[in-house]
file structure_5.pdb (PDB, C-alpha atoms)
MODEL        1
ATOM      1  CA  MET S  28      33.912  -2.410 -17.883
ATOM      2  CA  THR S  29      32.723   1.093 -16.989
ATOM      3  CA  LEU S  30      34.090   2.727 -13.899
ATOM      4  CA  ARG S  31      31.610   4.544 -11.718
ATOM      5  CA  CYS S  32      32.405   8.216 -11.357
ATOM      6  CA  ILE S  33      32.686   9.204  -7.739
ATOM      7  CA  GLU S  34      30.512  12.226  -6.962
ATOM      8  CA  ARG S  35      30.060  14.316  -3.852
ATOM      9  CA  SER S  36      26.852  12.376  -3.083
ATOM     10  CA  ASN S  37      28.721   9.065  -2.806
ATOM     11  CA  MET S  38      32.318   9.939  -1.978
ATOM     12  CA  PHE S  39      32.038   9.123   1.731
ATOM     13  CA  GLU S  40      30.574   5.627   1.234
ATOM     14  CA  PRO S  41      33.888   3.907   0.414
ATOM     15  CA  LEU S  42      35.682   6.007   3.028
ATOM     16  CA  LEU S  43      33.356   4.793   5.785
ATOM     17  CA  GLU S  44      33.900   1.213   4.622
ATOM     18  CA  ALA S  45      37.667   1.737   4.855
ATOM     19  CA  ASP S  46      37.419   3.493   8.230
ATOM     20  CA  PRO S  47      34.232   2.695  10.143
ATOM     21  CA  THR S  48      35.634   4.551  13.174
ATOM     22  CA  PHE S  49      34.649   7.820  11.454
ATOM     23  CA  GLN S  50      30.984   6.774  11.170
ATOM     24  CA  GLU S  51      29.884   8.429  14.425
ATOM     25  CA  LYS S  52      31.482  11.757  13.451
ATOM     26  CA  TRP S  53      29.961  11.447   9.970
ATOM     27  CA  ASN S  54      26.518  10.846  11.466
ATOM     28  CA  SER S  55      26.891  13.921  13.693
ATOM     29  CA  PHE S  56      28.031  15.968  10.703
ATOM     30  CA  GLN S  57      25.024  14.857   8.649
ATOM     31  CA  GLU S  58      22.671  15.682  11.509
ATOM     32  CA  GLU S  59      24.199  19.133  11.994
ATOM     33  CA  PHE S  60      23.906  20.042   8.309
ATOM     34  CA  ARG S  61      20.763  18.096   7.344
ATOM     35  CA  SER S  62      18.858  21.294   6.500
ATOM     36  CA  GLU S  63      21.528  22.468   4.052
ATOM     37  CA  ARG S  64      20.808  22.143   0.342
ATOM     38  CA  GLU S  65      24.301  20.739  -0.115
ATOM     39  CA  MET S  66      26.383  19.599   2.819
ATOM     40  CA  PRO S  67      29.709  21.432   3.229
ATOM     41  CA  LEU S  68      31.833  18.354   2.645
ATOM     42  CA  TYR S  69      35.051  20.345   2.973
ATOM     43  CA  LEU S  70      34.216  20.684   6.671
ATOM     44  CA  ALA S  71      33.716  16.919   6.950
ATOM     45  CA  LEU S  72      37.035  16.361   5.189
ATOM     46  CA  SER S  73      38.710  18.713   7.634
ATOM     47  CA  ASP S  74      37.197  16.668  10.470
ATOM     48  CA  PHE S  75      38.457  13.534   8.762
ATOM     49  CA  ALA S  76      41.968  14.992   8.490
ATOM     50  CA  ARG S  77      41.946  15.609  12.246
ATOM     51  CA  HIS S  78      40.632  12.059  12.710
ATOM     52  CA  LEU S  79      43.563  10.664  10.697
ATOM     53  CA  ILE S  80      46.059  12.818  12.553
ATOM     54  CA  ASN S  81      44.687  11.460  15.816
ATOM     55  CA  HIS S  82      45.089   7.910  14.489
ATOM     56  CA  LEU S  83      48.673   8.729  13.510
ATOM     57  CA  GLU S  84      49.366  10.130  16.982
ATOM     58  CA  THR S  85      48.036   6.978  18.657
ATOM     59  CA  GLY S  86      49.720   4.597  16.221
ATOM     60  CA  ASN S  87      46.357   3.349  15.005
ATOM     61  CA  THR S  88      47.401   3.195  11.358
ATOM     62  CA  HIS S  89      46.298  -0.331  10.429
ATOM     63  CA  ARG S  90      43.510   1.013   8.164
ATOM     64  CA  PHE S  91      45.645   3.635   6.439
ATOM     65  CA  ASN S  92      46.352   1.529   3.325
ATOM     66  CA  GLU S  93      42.612   1.122   2.685
ATOM     67  CA  ILE S  94      41.863   4.749   3.579
ATOM     68  CA  PHE S  95      44.488   6.146   1.249
ATOM     69  CA  SER S  96      43.324   3.799  -1.507
ATOM     70  CA  VAL S  97      39.958   5.547  -1.241
ATOM     71  CA  VAL S  98      41.665   8.957  -1.345
ATOM     72  CA  GLU S  99      43.570   7.842  -4.439
ATOM     73  CA  SER S 100      40.318   6.772  -6.092
ATOM     74  CA  TRP S 101      38.891  10.236  -5.368
ATOM     75  CA  HIS S 102      41.799  11.739  -7.311
ATOM     76  CA  LEU S 103      41.531   9.277 -10.182
ATOM     77  CA  ASP S 104      37.818   8.533 -10.480
ATOM     78  CA  GLY S 105      36.159  11.528  -8.876
ATOM     79  CA  ASP S 106      34.294  14.297 -10.601
ATOM     80  CA  ALA S 107      35.773  17.804 -10.459
ATOM     81  CA  TYR S 108      34.295  18.527  -7.011
ATOM     82  CA  VAL S 109      35.602  15.257  -5.515
ATOM     83  CA  ARG S 110      39.091  15.718  -6.990
ATOM     84  CA  GLU S 111      39.350  19.253  -5.649
ATOM     85  CA  ALA S 112      37.923  18.264  -2.257
ATOM     86  CA  ALA S 113      40.437  15.427  -1.967
ATOM     87  CA  MET S 114      43.294  17.826  -2.650
ATOM     88  CA  VAL S 115      42.228  20.994  -0.880
ATOM     89  CA  GLY S 116      39.815  19.581   1.680
ATOM     90  CA  LEU S 117      41.823  16.613   2.916
ATOM     91  CA  VAL S 118      45.426  16.526   1.719
ATOM     92  CA  GLU S 119      46.025  20.192   2.485
ATOM     93  CA  ASP S 120      44.694  19.751   6.027
ATOM     94  CA  LEU S 121      46.902  16.697   6.553
ATOM     95  CA  GLN S 122      49.846  18.984   5.762
ATOM     96  CA  ASN S 123      48.726  21.678   8.199
ATOM     97  CA  ALA S 124      51.436  21.558  10.870
ATOM     98  CA  SER S 125      49.224  23.414  13.348
ATOM     99  CA  LEU S 126      46.874  20.390  13.423
ATOM    100  CA  HIS S 127      49.732  18.115  14.499
ATOM    101  CA  GLN S 128      50.730  18.002  18.153
ATOM    102  CA  ALA S 129      52.871  14.882  18.508
ATOM    103  CA  THR S 130      53.314  14.093  14.808
ATOM    104  CA  HIS S 131      54.585  15.721  11.631
ATOM    105  CA  PRO S 132      52.720  15.923   8.304
ATOM    106  CA  GLY S 133      55.467  13.998   6.526
ATOM    107  CA  GLU S 134      54.621  10.930   8.575
ATOM    108  CA  PHE S 135      51.709  10.320   6.155
ATOM    109  CA  MET S 136      54.091   9.873   3.216
ATOM    110  CA  PRO S 137      54.345   6.037   3.387
ATOM    111  CA  TRP S 138      50.614   5.717   2.666
ATOM    112  CA  LEU S 139      50.344   8.232  -0.175
ATOM    113  CA  GLN S 140      49.710   6.622  -3.552
ATOM    114  CA  PRO S 141      50.930   8.247  -6.802
ATOM    115  CA  GLU S 142      48.139  10.736  -7.530
ATOM    116  CA  THR S 143      47.729  11.627  -3.860
ATOM    117  CA  LEU S 144      51.487  12.143  -3.609
ATOM    118  CA  ARG S 145      51.296  14.393  -6.661
ATOM    119  CA  ALA S 146      48.549  16.424  -4.948
ATOM    120  CA  TRP S 147      50.652  16.555  -1.766
ATOM    121  CA  ASN S 148      53.646  17.905  -3.709
ATOM    122  CA  ASN S 149      51.468  20.402  -5.612
ATOM    123  CA  ILE S 150      50.117  21.802  -2.358
ATOM    124  CA  GLN S 151      53.605  22.103  -0.894
ATOM    125  CA  ALA S 152      54.807  23.902  -4.031
ATOM    126  CA  PHE S 153      51.829  26.240  -3.826
ATOM    127  CA  TRP S 154      52.544  27.221  -0.218
ATOM    128  CA  LEU S 155      56.348  27.338  -0.522
ATOM    129  CA  LYS S 156      56.763  28.852  -3.999
ATOM    130  CA  GLY S 157      53.345  30.150  -5.020
ATOM    131  CA  THR S 158      53.142  27.578  -7.825
ATOM    132  CA  PRO S 159      49.534  27.297  -9.070
ATOM    133  CA  LEU S 160      47.763  24.112  -8.021
ATOM    134  CA  ALA S 161      47.571  21.564 -10.821
ATOM    135  CA  GLY S 162      44.687  19.145 -11.041
ATOM    136  CA  PRO S 163      45.096  15.405 -11.370
ATOM    137  CA  ARG S 164      46.393  13.880 -14.570
ATOM    138  CA  ARG S 165      43.684  12.639 -16.868
TER
ENDMDL
END
call {"tool": "encode", "arguments": {"input": "structure_5.pdb", "output": "structure tokens"}}
result
Amino acid sequence: MTLRCIERSNMFEPLLEADPTFQEKWNSFQEEFRSEREMPLYLALSDFARHLINHLETGNTHRFNEIFSVVESWHLDGDAYVREAAMVGLVEDLQNASLHQATHPGEFMPWLQPETLRAWNNIQAFWLKGTPLAGPRR
């Protein structure tokens, strides 16, 4: 059985299946950047981080297991762009304390799967100790 490599062109498909409540924001994002040669997906991931933080604040976490399974697949099965975007575009924003009003970044920990947790810890080490970011294990 051959696993399909997740690329930037298809990385949002499984995410929107896991969290259809982001579809309207995704549609607006696509409309705003439709004339771009390549859409700035890091901006969409930043929007998605804020979306997740809002869900955390409201206690609407029932889709988090499925969502973070998608994030884990980005780390494990994504091409280089997808892996980096998952780490720097999403996980790093989830850790950004200034984006949290009534929550704390650590509240996402129960949903982080092994490779996503590794990315989370790498980002923390980078910001706290200056440790270079390490990519996912292959």
call {"tool": "resolve_selection", "arguments": {"input": "structure_5.pdb", "expression": "the PyMOL selection byres ((chain S and resi 145-158) around 12)", "output": "PyMOL selection string"}}
result
chain S and resi 98-99+101-103+110-124+132-133+135-136+138-144+159-164
call {"tool": "resolve_selection", "arguments": {"input": "structure_5.pdb", "expression": "the PyMOL selection byres ((chain S and resi 45) around 12)", "output": "list of chain:residue names"}}
result
S:Met38, S:Phe39, S:Glu40, S:Pro41, S:Leu42, S:Leu43, S:Glu44, S:Asp46, S:Pro47, S:Thr48, S:Phe49, S:Gln50, S:Thr88, S:His89, S:Arg90, S:Phe91, S:Asn92, S:Glu93, S:Ile94, S:Phe95, S:Ser96, S:Val97, S:Val98
call {"tool": "write_last_selection", "arguments": {"input": "structure_5.pdb", "atoms": "C-alpha atoms", "output": "tab-separated table (two decimals), in the coordinates of the input"}}
result
chain	number	residue	atom	x	y	z
S	38	MET	CA	32.32	9.94	-1.98
S	39	PHE	CA	32.04	9.12	1.73
S	40	GLU	CA	30.57	5.63	1.23
S	41	PRO	CA	33.89	3.91	0.41
S	42	LEU	CA	35.68	6.01	3.03
S	43	LEU	CA	33.36	4.79	5.78
S	44	GLU	CA	33.90	1.21	4.62
S	46	ASP	CA	37.42	3.49	8.23
S	47	PRO	CA	34.23	2.70	10.14
S	48	THR	CA	35.63	4.55	13.17
S	49	PHE	CA	34.65	7.82	11.45
S	50	GLN	CA	30.98	6.77	11.17
S	88	THR	CA	47.40	3.20	11.36
S	89	HIS	CA	46.30	-0.33	10.43
S	90	ARG	CA	43.51	1.01	8.16
S	91	PHE	CA	45.64	3.64	6.44
S	92	ASN	CA	46.35	1.53	3.32
S	93	GLU	CA	42.61	1.12	2.68
S	94	ILE	CA	41.86	4.75	3.58
S	95	PHE	CA	44.49	6.15	1.25
S	96	SER	CA	43.32	3.80	-1.51
S	97	VAL	CA	39.96	5.55	-1.24
S	98	VAL	CA	41.66	8.96	-1.34
call {"tool": "atom_distance", "arguments": {"input": "structure_5.pdb", "atom1": "atom CA of S:Leu83", "atom2": "atom CA of S:Glu134"}}
result
8.0 Å
call {"tool": "atom_distance", "arguments": {"input": "structure_5.pdb", "atom1": "atom CA of S:Asn54", "atom2": "atom CA of S:Ala71"}}
result
10.4 Å
call {"tool": "residues_near_point", "arguments": {"input": "structure_5.pdb", "point": "(29.5, 12.3, -2.3)", "cutoff": "10 Å", "atoms": "all atoms listed in the file", "output": "list in words"}}
result
Ile33, Glu34, Arg35, Ser36, Asn37, Met38, Phe39, Glu40, Pro41, Met66, Leu68, Gly105, Asp106, Tyr108 and Val109 of chain S
call {"tool": "atom_distance", "arguments": {"input": "structure_5.pdb", "atom1": "atom CA of S:Glu65", "atom2": "atom CA of S:His78"}}
result
22.5 Å
